[in-house]
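Asker: Following this message is one structure expressed as structure tokens.
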Number of protein chains: 4
Amino acid sequence: MISQNTVTKLYNDILGFPDHGKVASYIPELANVNPDKFGVFLKPVYSEGFGVGDFEEKFSVQSIAKVFLLALAFRKKGEDLWERLGYEPSGTSFNSIVQLEYEKGIPRNPLINAGSIVMCDILIDILENPKEDFLQFVRKLAIEDDIQYNETIVTSESKTGYTNNAIVNLLKAFGNIHNDIGEVLDFYYHICSIEMTCRQLAGTFQLFANNGIVPHTQERILDISKNKRINAIMQTCGFYDEAGEFAFKVGLPGKSGVGGGIIAILPHQYTVAVWSPKLNSKGNSYKGMRFLEHLTSETVSSIF
Amino acid sequence: MISQNTVTKLYNDILGFPDHGKVASYIPELANVNPDKFGVFLKPVYSEGFGVGDFEEKFSVQSIAKVFLLALAFRKKGEDLWERLGYEPSGTSFNSIVQLEYEKGIPRNPLINAGSIVMCDILIDILENPKEDFLQFVRKLAIEDDIQYNETIVTSESKTGYTNNAIVNLLKAFGNIHNDIGEVLDFYYHICSIEMTCRQLAGTFQLFANNGIVPHTQERILDISKNKRINAIMQTCGFYDEAGEFAFKVGLPGKSGVGGGIIAILPHQYTVAVWSPKLNSKGNSYKGMRFLEHLTSETVSSIF
Amino acid sequence: MISQNTVTKLYNDILGFPDHGKVASYIPELANVNPDKFGVFLKPVYSEGFGVGDFEEKFSVQSIAKVFLLALAFRKKGEDLWERLGYEPSGTSFNSIVQLEYEKGIPRNPLINAGSIVMCDILIDILENPKEDFLQFVRKLAIEDDIQYNETIVTSESKTGYTNNAIVNLLKAFGNIHNDIGEVLDFYYHICSIEMTCRQLAGTFQLFANNGIVPHTQERILDISKNKRINAIMQTCGFYDEAGEFAFKVGLPGKSGVGGGIIAILPHQYTVAVWSPKLNSKGNSYKGMRFLEHLTSETVSSIF
Amino acid sequence: MISQNTVTKLYNDILGFPDHGKVASYIPELANVNPDKFGVFLKPVYSEGFGVGDFEEKFSVQSIAKVFLLALAFRKKGEDLWERLGYEPSGTSFNSIVQLEYEKGIPRNPLINAGSIVMCDILIDILENPKEDFLQFVRKLAIEDDIQYNETIVTSESKTGYTNNAIVNLLKAFGNIHNDIGEVLDFYYHICSIEMTCRQLAGTFQLFANNGIVPHTQERILDISKNKRINAIMQTCGFYDEAGEFAFKVGLPGKSGVGGGIIAILPHQYTVAVWSPKLNSKGNSYKGMRFLEHLTSETVSSIF
């Protein structure tokens, strides 16, 4: 198993490297975060785990929350989910709408914005109180109640979300949004606004490393097949147009967010959450990518 | 471990299903193969393994040989290889040249035709006798001398390979081919013409399941990092525009060829080769895909 | 000069042909029009002109009004207009947003939706009362006050205009919309809702056949260079992805609308307006295209 | 009518402007031309015309010869020609093969390389001695025998024509080339290698300004409809991705070549040929474009 010493040493190494990333500026609220924050938490399945640096500080998980959305939508709809979206890597950046037009309103996969927006629309049809029910679902995965939406982030995103407006309108033009556009986007922005610490994030993803069962409560959330498929989607689609790069260099399924968080999963063994706000040119945390690359190389832990 | 009984039962199940695939017709020679052939061979690491059906019959491995090409080129050039090609999934079909024009002659990954053609060009600069040396390399992986090029297939492909001609000329126009176009294509067609049985194929891929070491000779061909990276590339790029589908349904790194062969790898455990000539609409063996999907579901073997 | 007899004969010929077109259905209000309507009006410069069929019935000019928008915006902004849009043919259908993403929010030309929406944004910055001032401008060209917006059409378009919503949001995301999105779209939908008869339409376009001067009032609206350039833009961009077809078969600059209207101009000689609601597969009036093709062939009138 | 004085004055004005163009380097032979050459010849229909500067010096007409190819192929095949190519503007640069792949091997129009290569293939099926017959056709239009292929240019293009190789192979893969690829390209390169003076070029295009009749011999080459259609195609497709710009600024149908030549036509009035080897960023003669823009502005001659 990976020791706390190894993780701490790696953390300090990365801390010493120059960081060529830049904080995301397109959501005004995110630009206010201290760019030098850096936290790590590694949690073996069925164990407490350990953290280094700012691992107890909350940050905006942003697109990482799309995986919870996928878990809930896949659990509720089963294979019917794939009538309205695909599961192929996109080959283009996360908010590209070119693809959407070529492919007649069927998003390429659930982890690009368009795919997540369609899943929001699907859940609005199923859930009684979408925003509340979704939050309860995440809290159940986390085994913690201290997880909230950040309404300031929601407002900030709503005001400047022209690309997402374009996407949802185009989806609607193709008939792939059934509910009111405003309601769908409001739900979507709430989901992306969730805040967690590295420790909470590593905890919430434990089920994916544990065949779909939340380790400490033994509750099965996903059957083995669905759990495996979500991991496969994270592997092939979790990093926008850097999906190949992450598979190549890190070799684990995972997901990143523009808030600077990254989660990665070694099935049957551990989850690891990293947070550092400065992003590389592809929109993934600069320090986070390096940390995970070094971690998996030094500990020879990879799915491959 | 997976038993021979399980494999035999699955084989018979699939044999009973209707096969909606079609034999590849664009290479005339391939169209002459008996479409009802169906063979399987599963080989645990360091064990003899077992087969069902036509597993001792040779077939044209076609694009599966691109993985050997990648192994040899990566071994010889190291990370410099990535100056001339990428490792991102392509999102489009295997011989698309649209991408090549948008991306200025840098193939998206090594397993699309353009990427393999560039690797041929690279190896011509390095190897003394490219065709002979490549064949020796494959024989070393297979621990068998009974592996040959099929000159009839080479001739057949050369005569009708207009799309590959287009690709290599476009690569040359962008400066990413250094040698004579005819020589590069001749090498490329030879590589794709290699013939193997399912048993041989499963054997030749053992090193990828064994950290880069050929099990029975203990020869290290690739260091751990390179081996892991090749598996990652197979996972994200091995199935053209069905890469996501294969990851989703099968959950193993692998590679398919238009001859109807598919190889898949469960790292540290086994390799499995399937062959059935009828292809689905994406160009992958219809029976082969179903067999692997059922195999991994029933035996709960997946990297995820 | 073309005689009334020639026009009447041609009109009757076309009336006898089967009409393979379909009424536009994407704007609900337009679907209510009698599909068999067919009117023609030909107006030589400085003469009264003559009509056949339903030439005194009003219809929704839709995209034809984009030419008035271009005339007003070009007159007000001069060459600065081209900092925010281009004048190259688009090669794709009228509401494509693929192009917009590739070209970073600069619409390819003023006559695709995106280009017209940008011109609306520009005029909102310049005009005191955009909607009123625009209507007055069109009335001045028509030398008639009986020209109105149709508020029912505006409401109908607003409710279903998801693609236009997508376009304006994408433009805004690229920084090429300065005003409130709702205000810009409201202005745009009003412009497209203008209703005219064939007689009025042929009258309003007279200045383009007369070096930029309204014949009967002798008011110069555009200098010679601007007038020539607007005609050139109609020639190369006036018919969406059928621009080449119209140049090829008709050989005149012109503009079509989904309401079934087409206007064409023979510089220094005449303007001709046609209206018939059933559209061909490219969105241009089926009968209208045929009529103009026959008219220019039989009378050997073309700019080429 | 335009006087020799006007033309001479304009020529001298342009000569005094800085020239920001660059000589084409992709065909080695073209790079050897003196970059400061500048010639103009204007020829009214049925008159001798006059020239300024290097108008008696031969240069490589390159793509301008595609118009002769179109005239001959359209004359021989009639409307059947359009089964194998389109007549819509391309919206992309002259040798783009992206479009060809999207549109399944049907070139967008006759004046992009792909379109001309298909016309070569068509003529090989029709003409007894393609190269000789084509040269005789051009000489008949020119009423001169002193027009030749330049074999050095042919050899130079053949050796470096990787993009054209890619195009013809892709066309063949889609079934839109019937003859041997080498023979088709050899014919194509010969056509593009034709050399003429500005005086000869203006003469050879006279028929297009004269309803399809060669003025001095009174021989009808094209009927009125075909002649008009070729002019329309020059207007919408003659300048690659600058077609809109040429229509906008010059307002005449025409065609350019990478040798630095441009021909323009004012129907019923004159043809004008310009030559200056330095090209702007879109591949059209820098001085030539400016000269024609000023000529048509000052003399108010335009089709619009």
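Within each chain, counting starts at residue 1; across the structure tokens, chains are named A, B, ... in the order shown, with ligands numbered 1 upward in that order.
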Contacts from chain D to chain B, 6 Å maximum, only C-alpha atoms: show me the residue list as a list of chain:residue names.

Answerer: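 Written out as asked, the residues are D:Val98, D:Tyr162, D:Thr163, D:Ala166, D:Asn169, D:Leu170, D:Ala173.
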
Asker: Identify, on the basis of only C-alpha atoms, every residue whose closest approach to Asp125 of chain A does not exceed 12 Å; exclude the query and any residue fewer than 3 positions from it along the same chain; express the result as a ChimeraX atom specification.

Answerer: /A:73,76-77,118-122,128-130,177-180,183-184

Asker: Skip Val40 of chain C itself and residues of its chain fewer than 6 positions away, then list as number ranges by chain all residues within 10 Å of it, counting only C-alpha atoms.

Answerer: C: 7-8, 11, 50-56, 197-199, 202, 261-263, 272-276, 288, 291-292

Asker: Taking the backbone alone, and naming residues the way the document does, which bits of segment 61-224 of chain B are strand (DSSP E or B) by DSSP, as a list in words?

Answerer: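 These are the residues in question: Gln148, Glu195, Met196, Ile213, Val214, Glu219 and Arg220 of chain B.
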
Asker: Using only C-alpha atoms, please write the residues we just selected to a file, as a PDB file, in the first residue's frame.

Answerer:
ATOM      1  CA  GLN B 148       4.975 -14.683 -42.092  1.00  0.00           C
ATOM      2  CA  GLU B 195      -1.014 -13.876 -40.388  1.00  0.00           C
ATOM      3  CA  MET B 196      -1.444 -15.624 -37.060  1.00  0.00           C
ATOM      4  CA  ILE B 213       8.320  -8.912 -20.147  1.00  0.00           C
ATOM      5  CA  VAL B 214       7.765 -11.905 -22.461  1.00  0.00           C
ATOM      6  CA  GLU B 219      13.067 -11.012 -21.864  1.00  0.00           C
ATOM      7  CA  ARG B 220      12.113  -7.433 -21.008  1.00  0.00           C
TER       8      ARG B 220
END

Asker: What gap, in Å, lies between atom CA of Arg108 of chain C and atom CA of Met234 of chain C?

Answerer: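 A separation of 13.3 Å between them.
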
Asker: Among segment 51-234 of chain A, which residues does DSSP mark as alpha helix (DSSP H) when it is run on the backbone? Keep the chain and numbering as in the structure and answer as a ChimeraX atom specification.

Answerer: /A:65-77,98-102,113-126,130-142,151-160,162-173,181-192,198-204,206-209,224-234

Asker: Give me the residues within 9 Å of Ile233 of chain A as a list in words, counting only C-alpha atoms and dropping any in the same chain fewer than 4 places off.

Answerer: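 The filter keeps Tyr87, Glu88, Pro89, Asn109, Pro110, Leu111, Lys228, Arg229, Cys237, Gly238 and Pro253 of chain A; Gly244, Ala247 and Phe248 of chain B.
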
Asker: For the residues selected in the previous step, produce a file with N, CA and C atoms as a PDB file, in the first residue's frame.

Answerer:
ATOM      1  N   TYR A  87     -21.406   7.513 -25.475  1.00  0.00           N
ATOM      2  CA  TYR A  87     -20.313   7.327 -24.518  1.00  0.00           C
ATOM      3  C   TYR A  87     -18.983   7.181 -25.240  1.00  0.00           C
ATOM      4  N   GLU A  88     -18.823   7.998 -26.281  1.00  0.00           N
ATOM      5  CA  GLU A  88     -17.558   8.011 -27.010  1.00  0.00           C
ATOM      6  C   GLU A  88     -16.753   9.257 -26.627  1.00  0.00           C
ATOM      7  N   PRO A  89     -15.433   9.152 -26.614  1.00  0.00           N
ATOM      8  CA  PRO A  89     -14.605  10.337 -26.331  1.00  0.00           C
ATOM      9  C   PRO A  89     -14.892  11.430 -27.353  1.00  0.00           C
ATOM     10  N   ASN A 109     -20.850  12.369 -25.083  1.00  0.00           N
ATOM     11  CA  ASN A 109     -20.740  11.581 -23.855  1.00  0.00           C
ATOM     12  C   ASN A 109     -21.282  12.374 -22.665  1.00  0.00           C
ATOM     13  N   PRO A 110     -21.451  11.720 -21.502  1.00  0.00           N
ATOM     14  CA  PRO A 110     -22.124  12.379 -20.375  1.00  0.00           C
ATOM     15  C   PRO A 110     -21.271  13.426 -19.681  1.00  0.00           C
ATOM     16  N   LEU A 111     -19.953  13.438 -19.949  1.00  0.00           N
ATOM     17  CA  LEU A 111     -19.072  14.303 -19.169  1.00  0.00           C
ATOM     18  C   LEU A 111     -18.708  15.600 -19.870  1.00  0.00           C
ATOM     19  N   LYS A 228     -18.646  -0.376 -13.372  1.00  0.00           N
ATOM     20  CA  LYS A 228     -17.528  -0.574 -14.298  1.00  0.00           C
ATOM     21  C   LYS A 228     -17.661   0.369 -15.504  1.00  0.00           C
ATOM     22  N   ARG A 229     -18.876   0.531 -15.975  1.00  0.00           N
ATOM     23  CA  ARG A 229     -19.089   1.385 -17.148  1.00  0.00           C
ATOM     24  C   ARG A 229     -18.834   2.861 -16.843  1.00  0.00           C
ATOM     25  N   CYS A 237     -13.378   9.638 -21.240  1.00  0.00           N
ATOM     26  CA  CYS A 237     -13.992  10.954 -21.484  1.00  0.00           C
ATOM     27  C   CYS A 237     -13.798  11.956 -20.357  1.00  0.00           C
ATOM     28  N   GLY A 238     -13.046  11.618 -19.319  1.00  0.00           N
ATOM     29  CA  GLY A 238     -13.034  12.459 -18.119  1.00  0.00           C
ATOM     30  C   GLY A 238     -12.211  13.722 -18.220  1.00  0.00           C
ATOM     31  N   PRO A 253      -8.778   5.878 -14.233  1.00  0.00           N
ATOM     32  CA  PRO A 253      -9.993   6.645 -14.518  1.00  0.00           C
ATOM     33  C   PRO A 253     -10.076   7.815 -13.541  1.00  0.00           C
TER      34      PRO A 253
ATOM     35  N   GLY B 244     -14.937   4.155 -27.167  1.00  0.00           N
ATOM     36  CA  GLY B 244     -15.742   4.298 -25.967  1.00  0.00           C
ATOM     37  C   GLY B 244     -16.613   3.077 -25.751  1.00  0.00           C
ATOM     38  N   ALA B 247     -14.492   0.189 -24.334  1.00  0.00           N
ATOM     39  CA  ALA B 247     -14.184   0.440 -22.920  1.00  0.00           C
ATOM     40  C   ALA B 247     -15.441   0.218 -22.082  1.00  0.00           C
ATOM     41  N   PHE B 248     -16.572   0.696 -22.594  1.00  0.00           N
ATOM     42  CA  PHE B 248     -17.845   0.651 -21.885  1.00  0.00           C
ATOM     43  C   PHE B 248     -18.342  -0.782 -21.719  1.00  0.00           C
TER      44      PHE B 248
END

Asker: In Å, with one decimal, what is the gap from atom CA of Ile230 of chain C to atom CA of Gly39 of chain C?

Answerer: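 Between these atoms lies a distance of 25.4 Å.
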
Asker: Quick one: residues within 10 Å of Leu30 of chain B, only C-alpha atoms counted, chain neighbours fewer than 2 positions away excluded, as a ChimeraX atom specification?

Answerer: /B:23-28,32-35,59-60,153,156-157,258-260,277
